[in-house]
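Text of the file coords24.csv, holding CSV, C-alpha atoms:
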chain,number,residue,atom,x,y,z
A,1,MET,CA,-8.1,-7.9,-11.4
A,2,LYS,CA,-6.6,-5.5,-9.0
A,3,ARG,CA,-5.3,-2.2,-10.3
A,4,THR,CA,-3.0,0.2,-8.5
A,5,VAL,CA,-3.5,3.8,-9.5
A,6,THR,CA,-1.7,6.9,-8.2
A,7,VAL,CA,-3.5,10.3,-8.4
A,8,THR,CA,-1.6,13.5,-7.8
A,9,VAL,CA,-4.0,16.2,-6.7
A,10,LEU,CA,-4.3,19.7,-5.3
A,11,ASN,CA,-4.7,19.4,-1.5
A,12,GLN,CA,-8.1,21.0,-1.2
A,13,SER,CA,-11.4,20.3,0.5
A,14,GLY,CA,-13.7,17.9,-1.4
A,15,VAL,CA,-11.1,16.4,-3.7
A,16,LEU,CA,-11.1,13.0,-2.0
A,17,ASN,CA,-14.9,12.8,-2.2
A,18,ARG,CA,-14.9,13.7,-6.0
A,19,ILE,CA,-12.2,11.1,-6.8
A,20,THR,CA,-13.8,8.3,-4.8
A,21,GLY,CA,-17.2,9.3,-6.3
A,22,LEU,CA,-15.8,8.5,-9.8
A,23,PHE,CA,-15.0,5.0,-8.7
A,24,THR,CA,-18.3,4.4,-6.9
A,25,LYS,CA,-20.3,5.6,-9.9
A,26,ARG,CA,-18.8,2.7,-11.9
A,27,GLN,CA,-19.4,0.4,-9.0
A,28,PHE,CA,-15.7,-0.3,-8.4
A,29,ASN,CA,-14.8,-1.5,-4.9
A,30,ILE,CA,-11.9,0.5,-3.5
A,31,GLU,CA,-9.9,-2.1,-1.6
A,32,SER,CA,-7.4,0.4,-0.3
A,33,ILE,CA,-6.9,4.2,-0.5
A,34,THR,CA,-4.1,6.3,1.1
A,35,VAL,CA,-3.7,10.0,0.8
A,36,GLY,CA,-0.9,12.2,2.0
A,37,PRO,CA,1.1,15.3,1.2
A,38,THR,CA,4.0,15.2,-1.3
A,39,GLU,CA,7.3,16.9,-1.4
A,40,THR,CA,5.5,20.0,-2.9
A,41,GLU,CA,3.4,22.1,-0.6
A,42,GLY,CA,-0.3,22.1,-1.5
A,43,ILE,CA,0.0,18.8,-3.5
A,44,SER,CA,-1.1,15.4,-2.3
A,45,LYS,CA,-0.8,11.9,-3.7
A,46,MET,CA,-3.4,9.2,-3.5
A,47,THR,CA,-2.7,5.5,-4.0
A,48,VAL,CA,-5.9,3.6,-4.8
A,49,ILE,CA,-6.1,-0.2,-5.0
A,50,VAL,CA,-9.3,-1.0,-6.9
A,51,HIS,CA,-10.8,-4.3,-8.1
A,52,VAL,CA,-11.7,-4.0,-11.8
A,53,GLU,CA,-13.7,-6.5,-13.9
A,54,ASP,CA,-13.6,-4.7,-17.2
A,55,GLU,CA,-10.4,-3.1,-18.5
A,56,ARG,CA,-12.3,-0.7,-20.8
A,57,VAL,CA,-14.3,0.7,-18.0
A,58,ALA,CA,-11.1,1.1,-16.0
A,59,GLU,CA,-9.6,3.1,-18.8
A,60,GLN,CA,-12.7,5.3,-18.9
A,61,VAL,CA,-12.4,6.1,-15.2
A,62,LEU,CA,-8.7,7.0,-15.6
A,63,LYS,CA,-9.6,9.4,-18.4
A,64,GLN,CA,-12.4,10.9,-16.3
A,65,LEU,CA,-10.0,11.3,-13.4
A,66,ASN,CA,-7.6,13.2,-15.6
A,67,LYS,CA,-10.4,15.6,-16.5
A,68,GLN,CA,-11.0,16.6,-12.9
A,69,VAL,CA,-9.9,20.2,-12.2
A,70,ASP,CA,-8.0,19.3,-9.0
A,71,VAL,CA,-6.2,16.3,-10.6
A,72,LEU,CA,-2.7,17.0,-11.8
A,73,LYS,CA,-1.6,13.5,-12.8
A,74,VAL,CA,-3.1,10.0,-13.0
A,75,THR,CA,-0.9,6.9,-13.3
A,76,ASP,CA,-1.8,3.3,-13.4
A,77,ILE,CA,1.3,1.6,-11.9
A,78,THR,CA,-0.1,-1.9,-11.8
A,79,ASP,CA,2.3,-3.3,-14.4
A,80,GLN,CA,5.3,-1.2,-13.4
A,81,ALA,CA,8.1,-2.0,-10.9
A,82,VAL,CA,6.9,-0.5,-7.6
A,83,VAL,CA,7.8,-0.3,-4.0
A,84,SER,CA,4.7,-0.6,-1.9
A,85,ARG,CA,4.1,-0.7,1.8
A,86,GLU,CA,1.4,-0.9,4.4
A,87,LEU,CA,1.4,-0.3,8.1
A,88,ALA,CA,-0.6,-2.5,10.5
A,89,LEU,CA,-1.2,-2.1,14.2
A,90,ILE,CA,-2.2,-5.4,15.9
A,91,LYS,CA,-3.3,-5.7,19.5
A,92,VAL,CA,-2.9,-9.3,20.6
A,93,LEU,CA,-4.1,-10.9,23.8
A,94,THR,CA,-1.2,-12.2,25.9
A,95,THR,CA,-0.3,-13.8,29.2
A,96,PRO,CA,3.1,-13.6,30.8
A,97,GLN,CA,3.8,-17.0,29.3
A,98,THR,CA,2.8,-16.2,25.7
A,99,ARG,CA,4.7,-12.9,25.4
A,100,ALA,CA,8.0,-14.7,24.6
A,101,GLU,CA,6.3,-16.8,22.0
A,102,ILE,CA,4.8,-13.7,20.3
A,103,ASN,CA,8.2,-12.1,20.3
A,104,VAL,CA,9.6,-15.1,18.5
A,105,ILE,CA,6.8,-15.0,15.9
A,106,ILE,CA,7.1,-11.3,15.1
A,107,GLU,CA,10.9,-11.2,14.9
A,108,PRO,CA,11.3,-12.6,11.3
A,109,PHE,CA,8.7,-10.0,10.1
A,110,ARG,CA,10.8,-7.2,11.6
A,111,ALA,CA,7.8,-6.1,13.6
A,112,THR,CA,8.0,-4.4,16.9
A,113,ILE,CA,6.0,-4.2,20.1
A,114,ILE,CA,5.1,-0.6,20.6
A,115,ASP,CA,2.8,-1.0,23.6
A,116,VAL,CA,2.5,-3.4,26.5
A,117,ALA,CA,-0.5,-3.8,28.8
A,118,LYS,CA,-1.3,-6.4,31.5
A,119,ASP,CA,-3.3,-8.6,29.1
A,120,SER,CA,-2.1,-7.5,25.6
A,121,VAL,CA,0.6,-6.2,23.4
A,122,THR,CA,0.4,-3.9,20.4
A,123,ILE,CA,2.5,-4.8,17.5
A,124,GLN,CA,3.6,-2.6,14.6
A,125,VAL,CA,4.5,-4.2,11.2
A,126,VAL,CA,5.3,-2.6,7.9
A,127,GLY,CA,5.5,-4.5,4.6
A,128,ASN,CA,3.5,-5.6,1.6
A,129,PHE,CA,0.0,-7.0,1.8
A,130,GLU,CA,1.2,-10.7,1.9
A,131,LYS,CA,3.7,-10.1,4.7
A,132,ILE,CA,1.1,-8.5,6.9
A,133,GLU,CA,-1.5,-11.2,6.1
A,134,ALA,CA,1.0,-13.9,7.0
A,135,MET,CA,1.8,-12.3,10.4
A,136,ILE,CA,-1.9,-11.8,11.2
A,137,GLU,CA,-2.6,-15.5,10.5
A,138,LEU,CA,0.2,-16.5,12.8
A,139,LEU,CA,-1.0,-14.2,15.6
A,140,ARG,CA,-4.7,-15.2,15.2
A,141,PRO,CA,-4.5,-18.2,17.6
A,142,TYR,CA,-3.4,-16.0,20.4
A,143,GLY,CA,-6.5,-13.8,20.0
A,144,ILE,CA,-6.5,-10.5,18.0
A,145,LYS,CA,-8.2,-7.9,20.2
A,146,GLU,CA,-7.9,-5.1,17.7
A,147,LEU,CA,-6.5,-4.5,14.2
A,148,SER,CA,-5.9,-1.3,12.2
A,149,ARG,CA,-4.3,-1.1,8.7
A,150,THR,CA,-3.4,1.9,6.7
A,151,GLY,CA,-3.8,0.5,3.2
A,152,GLN,CA,-1.1,0.3,0.7
A,153,THR,CA,0.9,3.3,-0.5
A,154,ALA,CA,3.2,2.9,-3.5
A,155,LEU,CA,5.9,4.6,-5.6
A,156,THR,CA,7.4,3.4,-8.9
A,157,ARG,CA,11.0,2.2,-8.5
A,158,GLY,CA,13.8,4.5,-9.6
A,159,SER,CA,15.2,4.1,-13.1
A,160,GLN,CA,17.9,1.5,-13.4
A,161,LYS,CA,20.6,1.3,-16.1
A,162,GLN,CA,20.2,-1.4,-18.7
A,163,VAL,CA,23.1,-3.8,-19.0
A,164,THR,CA,23.8,-2.4,-22.5
A,165,ASP,CA,24.4,1.0,-20.9
A,166,LEU,CA,27.3,-0.2,-18.7
A,167,LYS,CA,30.8,0.4,-19.9
A,168,GLN,CA,32.8,-2.7,-20.6
A,169,TYR,CA,36.2,-3.3,-19.0
A,170,SER,CA,38.7,-5.9,-19.7
A,171,ILE,CA,41.6,-7.2,-17.6
A,172,LEU,CA,43.3,-8.2,-20.8
A,173,LYS,CA,45.2,-5.6,-22.8

Starting from the file, lay out its structure as structure tokens.
Amino acid sequence: MKRTVTVTVLNQSGVLNRITGLFTKRQFNIESITVGPTETEGISKMTVIVHVEDERVAEQVLKQLNKQVDVLKVTDITDQAVVSRELALIKVLTTPQTRAEINVIIEPFRATIIDVAKDSVTIQVVGNFEKIEAMIELLRPYGIKELSRTGQTALTRGSQKQVTDLKQYSILK
């Protein structure tokens, strides 16, 4: 089972190594990890996608993460409503004849061509894991020369009002 965990940390040397070390000690495979600064100076947020076999062991790792000096907050957002995105750069082999075909393929994905060479184009696509995988599969027959992906980053969705919180109005008096 995949788990999505966000870890808010002090932006200091060695923090990333200590965090990933906790996962590797338990032999968890980190499928994706992204790290970047937050709105607060000196604070970074990590989004870790990890494959977990045993839920109890996963809970232990989360508790151990919370005990780390540089860790400010650990949240397992797997079962929450989230917005997640990943960026992929894909260099595809092209000929003058196939460039128009590739444009037609990438358009529904809202992807863009960001570089053009004599024998290739570089495409940028942003979306969830499934969207990026689908586009890669459609481009594969043309020949993918190079591929780079950022890994997923995620935030929980903003709070939404419950239907019971809404005021009721009537057009009848």

| Quick one: distance from atom CA of Glu137 of chain A to atom CA of Thr122 of chain A in Å, one decimal? |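 Rounded to one decimal, the two atoms are 15.5 Å apart.
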
| field | Residue neighbourhood segment 82-98 of chain A, 9 Å, all atoms listed in the file, exclusion window fewer than 2 positions, as a PyMOL selection string | value | chain A and resi 77-80+100-103+115+117-129+132+136+139-140+142-158

| query | Distance atom CA of Lys45 of chain A-atom CA of Met135 of chain A, one decimal place? | reply |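 Atom-to-atom, atom CA of Lys45 of chain A to atom CA of Met135 of chain A, that is 28.1 Å.
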
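The coordinates place atom CA of Asn17 of chain A at 23.1 Å from atom CA of Arg56 of chain A.
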
Against segment 24-36 of chain A, which residues of segment 40-96 of chain A fall within 12 Å? For each one I want the closest pair of atoms and the distance in Å (one decimal), counting all atoms listed in the file, rows by chain and increasing residue number, as a tab-separated table.
residue	atom	partner	partner_atom	distance
A:Thr40	CA	A:Gly36	CA	11.2
A:Glu41	CA	A:Gly36	CA	11.1
A:Gly42	CA	A:Gly36	CA	10.5
A:Ile43	CA	A:Gly36	CA	8.6
A:Ser44	CA	A:Gly36	CA	5.4
A:Lys45	CA	A:Val35	CA	5.7
A:Met46	CA	A:Val35	CA	4.4
A:Thr47	CA	A:Thr34	CA	5.3
A:Val48	CA	A:Ile33	CA	4.5
A:Ile49	CA	A:Ser32	CA	4.9
A:Val50	CA	A:Ile30	CA	4.5
A:His51	CA	A:Asn29	CA	5.8
A:Val52	CA	A:Phe28	CA	6.4
A:Glu53	CA	A:Phe28	CA	8.5
A:Asp54	CA	A:Phe28	CA	10.1
A:Glu55	CA	A:Phe28	CA	11.7
A:Arg56	CA	A:Arg26	CA	11.5
A:Val57	CA	A:Arg26	CA	7.8
A:Ala58	CA	A:Arg26	CA	8.9
A:Glu59	CA	A:Arg26	CA	11.5
A:Gln60	CA	A:Arg26	CA	9.6
A:Val61	CA	A:Arg26	CA	8.0
A:Leu62	CA	A:Arg26	CA	11.6
A:Gln64	CA	A:Arg26	CA	11.3
A:Ser84	CA	A:Thr34	CA	11.6
A:Arg85	CA	A:Thr34	CA	10.8
A:Glu86	CA	A:Thr34	CA	9.6
A:Leu87	CA	A:Thr34	CA	11.1
